[in-house]
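So this one's protein_3.cif, mmCIF, C-alpha atoms:
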data_structure
#
loop_
_atom_site.group_PDB
_atom_site.id
_atom_site.type_symbol
_atom_site.label_atom_id
_atom_site.label_comp_id
_atom_site.auth_asym_id
_atom_site.auth_seq_id
_atom_site.Cartn_x
_atom_site.Cartn_y
_atom_site.Cartn_z
ATOM 1 C CA MET A 1497 109.797 73.607 95.008
ATOM 2 C CA ALA A 1498 111.049 77.160 94.566
ATOM 3 C CA ASP A 1499 109.991 79.848 96.992
ATOM 4 C CA ALA A 1500 107.425 82.390 95.901
ATOM 5 C CA THR A 1501 108.965 85.629 94.642
ATOM 6 C CA THR A 1502 107.790 88.872 96.196
ATOM 7 C CA SER A 1503 108.745 92.517 95.909
ATOM 8 C CA LEU A 1504 108.214 95.722 97.854
ATOM 9 C CA ARG A 1505 106.348 98.350 95.828
ATOM 10 C CA VAL A 1506 105.878 102.039 96.637
ATOM 11 C CA TYR A 1507 102.781 103.929 95.466
ATOM 12 C CA THR A 1508 102.943 107.643 94.707
ATOM 13 C CA GLY A 1509 100.798 110.318 93.088
ATOM 14 C CA THR A 1510 97.066 110.858 92.998
ATOM 15 C CA ASN A 1511 95.277 108.131 94.969
ATOM 16 C CA ALA A 1512 98.634 106.338 95.319
ATOM 17 C CA GLY A 1513 98.039 105.387 91.697
ATOM 18 C CA THR A 1514 101.624 105.082 90.432
ATOM 19 C CA GLU A 1515 103.264 101.753 91.323
ATOM 20 C CA SER A 1516 107.062 101.704 91.504
ATOM 21 C CA ALA A 1517 109.352 98.983 90.281
ATOM 22 C CA SER A 1518 110.652 96.582 92.933
ATOM 23 C CA GLN A 1519 112.309 98.514 95.779
ATOM 24 C CA THR A 1520 115.256 97.576 97.986
ATOM 25 C CA GLY A 1521 114.752 100.506 100.353
ATOM 26 C CA ILE A 1522 112.630 103.572 100.981
ATOM 27 C CA ASP A 1523 113.397 107.182 101.796
ATOM 28 C CA LEU A 1524 111.169 109.125 104.167
ATOM 29 C CA VAL A 1525 111.589 112.569 102.609
ATOM 30 C CA SER A 1526 109.788 115.879 102.000
ATOM 31 C CA VAL A 1527 108.522 114.903 98.519
ATOM 32 C CA ASP A 1528 106.253 112.162 97.186
ATOM 33 C CA ASN A 1529 108.609 109.827 95.322
ATOM 34 C CA ALA A 1530 109.845 106.236 95.208
ATOM 35 C CA VAL A 1531 113.531 107.172 94.924
ATOM 36 C CA ASN A 1532 116.016 105.523 97.304
ATOM 37 C CA SER A 1533 119.359 107.338 97.206
ATOM 38 C CA ALA A 1534 121.671 109.477 99.320
ATOM 39 C CA MET A 1535 121.014 112.406 96.977
ATOM 40 C CA ASN A 1536 117.249 112.052 97.409
ATOM 41 C CA ARG A 1537 117.664 112.116 101.181
ATOM 42 C CA SER A 1538 119.984 115.164 101.147
ATOM 43 C CA ASP A 1539 117.951 117.103 98.556
ATOM 44 C CA ASN A 1540 114.617 116.443 100.282
ATOM 45 C CA GLU A 1541 115.322 116.554 104.024
ATOM 46 C CA ILE A 1542 112.489 116.916 106.493
ATOM 47 C CA VAL A 1543 112.581 120.275 108.239
ATOM 48 C CA PRO A 1544 112.215 119.963 112.039
ATOM 49 C CA GLY A 1545 108.582 120.472 112.994
ATOM 50 C CA THR A 1546 107.291 118.934 109.756
ATOM 51 C CA ASN A 1547 106.551 115.427 108.475
ATOM 52 C CA SER A 1548 107.799 113.301 105.645
ATOM 53 C CA PHE A 1549 105.389 112.492 102.887
ATOM 54 C CA GLU A 1550 103.572 109.274 103.693
ATOM 55 C CA LYS A 1551 105.162 106.207 102.092
ATOM 56 C CA TRP A 1552 102.415 103.961 100.705
ATOM 57 C CA MET A 1553 103.740 100.398 100.290
ATOM 58 C CA ARG A 1554 102.534 96.904 99.417
ATOM 59 C CA ILE A 1555 104.145 93.515 99.043
ATOM 60 C CA LYS A 1556 103.433 92.125 95.587
ATOM 61 C CA LEU A 1557 103.495 88.418 94.761
ATOM 62 C CA ASP A 1558 105.526 88.379 91.544
ATOM 63 C CA ALA A 1559 105.758 84.601 91.106
ATOM 64 C CA ALA A 1560 103.489 82.285 93.071
ATOM 65 C CA ASN A 1561 104.204 78.660 93.949
ATOM 66 C CA ASP A 1562 102.072 75.948 95.562
ATOM 67 C CA HIS A 1563 102.148 77.727 98.926
ATOM 68 C CA MET A 1564 100.016 80.536 100.294
ATOM 69 C CA LEU A 1565 101.432 83.670 101.911
ATOM 70 C CA THR A 1566 99.697 85.264 104.907
ATOM 71 C CA ASN A 1567 100.243 87.178 108.157
ATOM 72 C CA PHE A 1568 102.398 89.944 106.674
ATOM 73 C CA TRP A 1569 104.259 92.009 109.249
ATOM 74 C CA ILE A 1570 106.596 95.005 109.456
ATOM 75 C CA GLU A 1571 109.175 95.745 112.137
ATOM 76 C CA ARG A 1572 111.329 98.850 112.687
ATOM 77 C CA ALA A 1573 114.775 98.677 114.280
ATOM 78 C CA GLY A 1574 117.024 101.553 115.234
ATOM 79 C CA ASP A 1575 117.319 104.461 117.617
ATOM 80 C CA LEU A 1576 115.509 107.624 116.636
ATOM 81 C CA PRO A 1577 116.811 111.040 117.646
ATOM 82 C CA ASP A 1578 114.869 113.136 120.150
ATOM 83 C CA GLY A 1579 111.850 114.742 118.509
ATOM 84 C CA VAL A 1580 111.487 112.110 115.753
ATOM 85 C CA ILE A 1581 108.915 109.307 115.586
ATOM 86 C CA ILE A 1582 107.831 106.880 112.871
ATOM 87 C CA LYS A 1583 104.117 106.172 112.559
ATOM 88 C CA MET A 1584 102.438 103.383 110.596
ATOM 89 C CA GLY A 1585 98.970 102.330 109.584
ATOM 90 C CA VAL A 1586 97.104 99.976 107.267
ATOM 91 C CA THR A 1587 94.334 100.528 104.734
ATOM 92 C CA ASP A 1588 92.670 98.992 101.709
ATOM 93 C CA ASP A 1589 91.726 102.366 100.238
ATOM 94 C CA PRO A 1590 94.489 104.258 98.407
ATOM 95 C CA ALA A 1591 94.793 108.012 98.888
ATOM 96 C CA THR A 1592 97.183 110.662 97.677
ATOM 97 C CA PRO A 1593 100.297 110.677 99.915
ATOM 98 C CA THR A 1594 100.534 113.770 102.113
ATOM 99 C CA ALA A 1595 103.080 115.532 104.279
ATOM 100 C CA SER A 1596 100.296 116.638 106.618
ATOM 101 C CA THR A 1597 99.931 114.559 109.739
ATOM 102 C CA SER A 1598 98.716 111.211 108.418
ATOM 103 C CA THR A 1599 95.204 110.014 109.119
ATOM 104 C CA VAL A 1600 96.304 106.465 108.177
ATOM 105 C CA ALA A 1601 99.744 106.185 109.811
ATOM 106 C CA THR A 1602 98.620 106.794 113.403
ATOM 107 C CA THR A 1603 100.419 104.058 115.373
ATOM 108 C CA THR A 1604 103.854 104.958 116.725
ATOM 109 C CA MET A 1605 106.301 102.202 115.726
ATOM 110 C CA ALA A 1606 108.372 101.013 118.665
ATOM 111 C CA ASP A 1607 111.903 99.738 118.097
ATOM 112 C CA GLY A 1608 111.894 95.956 117.670
ATOM 113 C CA ARG A 1609 108.124 95.474 117.735
ATOM 114 C CA ARG A 1610 106.438 93.492 114.960
ATOM 115 C CA TYR A 1611 103.172 94.845 113.535
ATOM 116 C CA ILE A 1612 100.853 92.578 111.533
ATOM 117 C CA PHE A 1613 99.443 94.522 108.586
ATOM 118 C CA ASP A 1614 97.666 91.850 106.539
ATOM 119 C CA THR A 1615 96.180 88.469 107.484
ATOM 120 C CA ASN A 1616 94.691 87.763 104.052
ATOM 121 C CA VAL A 1617 95.967 84.769 102.058
ATOM 122 C CA TYR A 1618 97.771 85.333 98.747
ATOM 123 C CA ASP A 1619 98.660 82.635 96.206
ATOM 124 C CA THR A 1620 98.304 84.166 92.720
ATOM 125 C CA ASN A 1621 100.775 86.117 90.583
ATOM 126 C CA ASP A 1622 100.305 89.898 90.919
ATOM 127 C CA ASP A 1623 98.381 89.638 94.209
ATOM 128 C CA ALA A 1624 99.297 92.568 96.448
ATOM 129 C CA THR A 1625 98.824 93.065 100.180
ATOM 130 C CA ARG A 1626 96.904 95.797 101.893
ATOM 131 C CA TYR A 1627 98.686 99.154 101.953
ATOM 132 C CA VAL A 1628 101.048 99.715 104.848
ATOM 133 C CA VAL A 1629 101.676 103.442 105.250
ATOM 134 C CA VAL A 1630 104.604 104.938 107.172
ATOM 135 C CA GLN A 1631 105.471 108.542 107.978
ATOM 136 C CA GLU A 1632 108.294 110.278 109.843
ATOM 137 C CA GLN A 1633 106.998 113.004 112.140
ATOM 138 C CA THR A 1634 109.271 115.553 113.825
ATOM 139 C CA THR A 1635 108.986 118.250 116.452
ATOM 140 C CA ALA A 1636 110.502 121.712 116.111
ATOM 141 C CA ALA A 1637 113.139 120.613 118.651
ATOM 142 C CA ALA A 1638 114.428 117.787 116.400
ATOM 143 C CA ALA A 1639 117.981 118.237 115.111
ATOM 144 C CA ASN A 1640 118.523 119.363 111.528
ATOM 145 C CA GLY A 1641 119.864 116.879 108.982
ATOM 146 C CA SER A 1642 119.264 113.280 108.062
ATOM 147 C CA ILE A 1643 118.703 110.714 110.763
ATOM 148 C CA GLU A 1644 120.674 107.489 110.813
ATOM 149 C CA THR A 1645 119.374 104.706 108.616
ATOM 150 C CA GLU A 1646 116.454 102.856 110.134
ATOM 151 C CA ASN A 1647 115.854 99.224 109.306
ATOM 152 C CA PHE A 1648 112.391 98.087 108.311
ATOM 153 C CA GLU A 1649 112.000 94.352 108.003
ATOM 154 C CA ILE A 1650 108.935 92.880 106.337
ATOM 155 C CA GLY A 1651 107.992 89.214 106.531
ATOM 156 C CA TRP A 1652 105.136 86.730 106.347
ATOM 157 C CA SER A 1653 104.082 83.157 106.980
ATOM 158 C CA GLN A 1654 103.972 80.558 104.218
ATOM 159 C CA THR A 1655 101.471 77.711 104.387
#
Please re-express this file's structure in structure tokens.
Amino acid sequence: MADATTSLRVYTGTNAGTESASQTGIDLVSVDNAVNSAMNRSDNEIVPGTNSFEKWMRIKLDAANDHMLTNFWIERAGDLPDGVIIKMGVTDDPATPTASTSTVATTTMADGRRYIFDTNVYDTNDDATRYVVVQEQTTAAAANGSIETENFEIGWSQT
């Protein structure tokens, strides 16, 4: 039996109402978009002392099989420069992404720690997980310029 097919989707705009196509990466930048490119990162850097726009994401079940998917998790790997943290949070209620300090992404993501963001069971085409929201937050003392690429891994259990 073939594995279920899933994709990462980013939600932008009013009430996170615009769903992106399948994404292979995300940019934490100073604008609300679903673009993933070097130009996007250089054109929309985060000024020290400010935050990225929240990145509202879900895993979408594009093609189901006879199995159920559950226990979705996200993990961050990589060293962050001084004055930079990544926060995450989970919600069922979409909101318009903001560059203000997030009221959803409030948990500081530690390097190498796995965070469960959805324990619901999914087994139908077009099912989508709860929203996982991430935001880069910086202090005024953070260095200017892009930070090194961070790795976010997302996974789940199949039953």
Given the PyMOL selection byres ((chain A and resi 1605) around 6), the residues it picks as a list of chain:residue names: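 Here the PyMOL selection byres ((chain A and resi 1605) around 6) matches A:Ile1582, A:Lys1583, A:Thr1604, A:Ala1606.
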Name the residues captured by the PyMOL selection byres ((chain A and resi 1602) around 7) when it is applied to the shown file; answer as a VMD selection string. chain A and resid 1583 to 1585 1598 to 1601 1603 to 1604
Give me the result of the PyMOL selection byres ((chain A and resi 1558) around 6) on this file, residue by residue, as a ChimeraX atom specification. /A:1501-1502,1556-1557,1559,1621-1622
Determine, counting only C-alpha atoms, which protein, DNA and RNA residues have an atom within 7 Å of an atom of segment 1626-1643 of chain A; residues of the same chain fewer than 3 positions away are not included. Present the result as number ranges by chain. A: 1524, 1541, 1543-1554, 1578-1588, 1600-1601, 1613-1614
Rank A:Asn1567, A:Asn1529, A:Thr1592, A:Asn1561 by their smallest atom-to-atom distance to Val1617 of chain A, using all atoms listed in the file, and report the top residue only. A:Asn1567
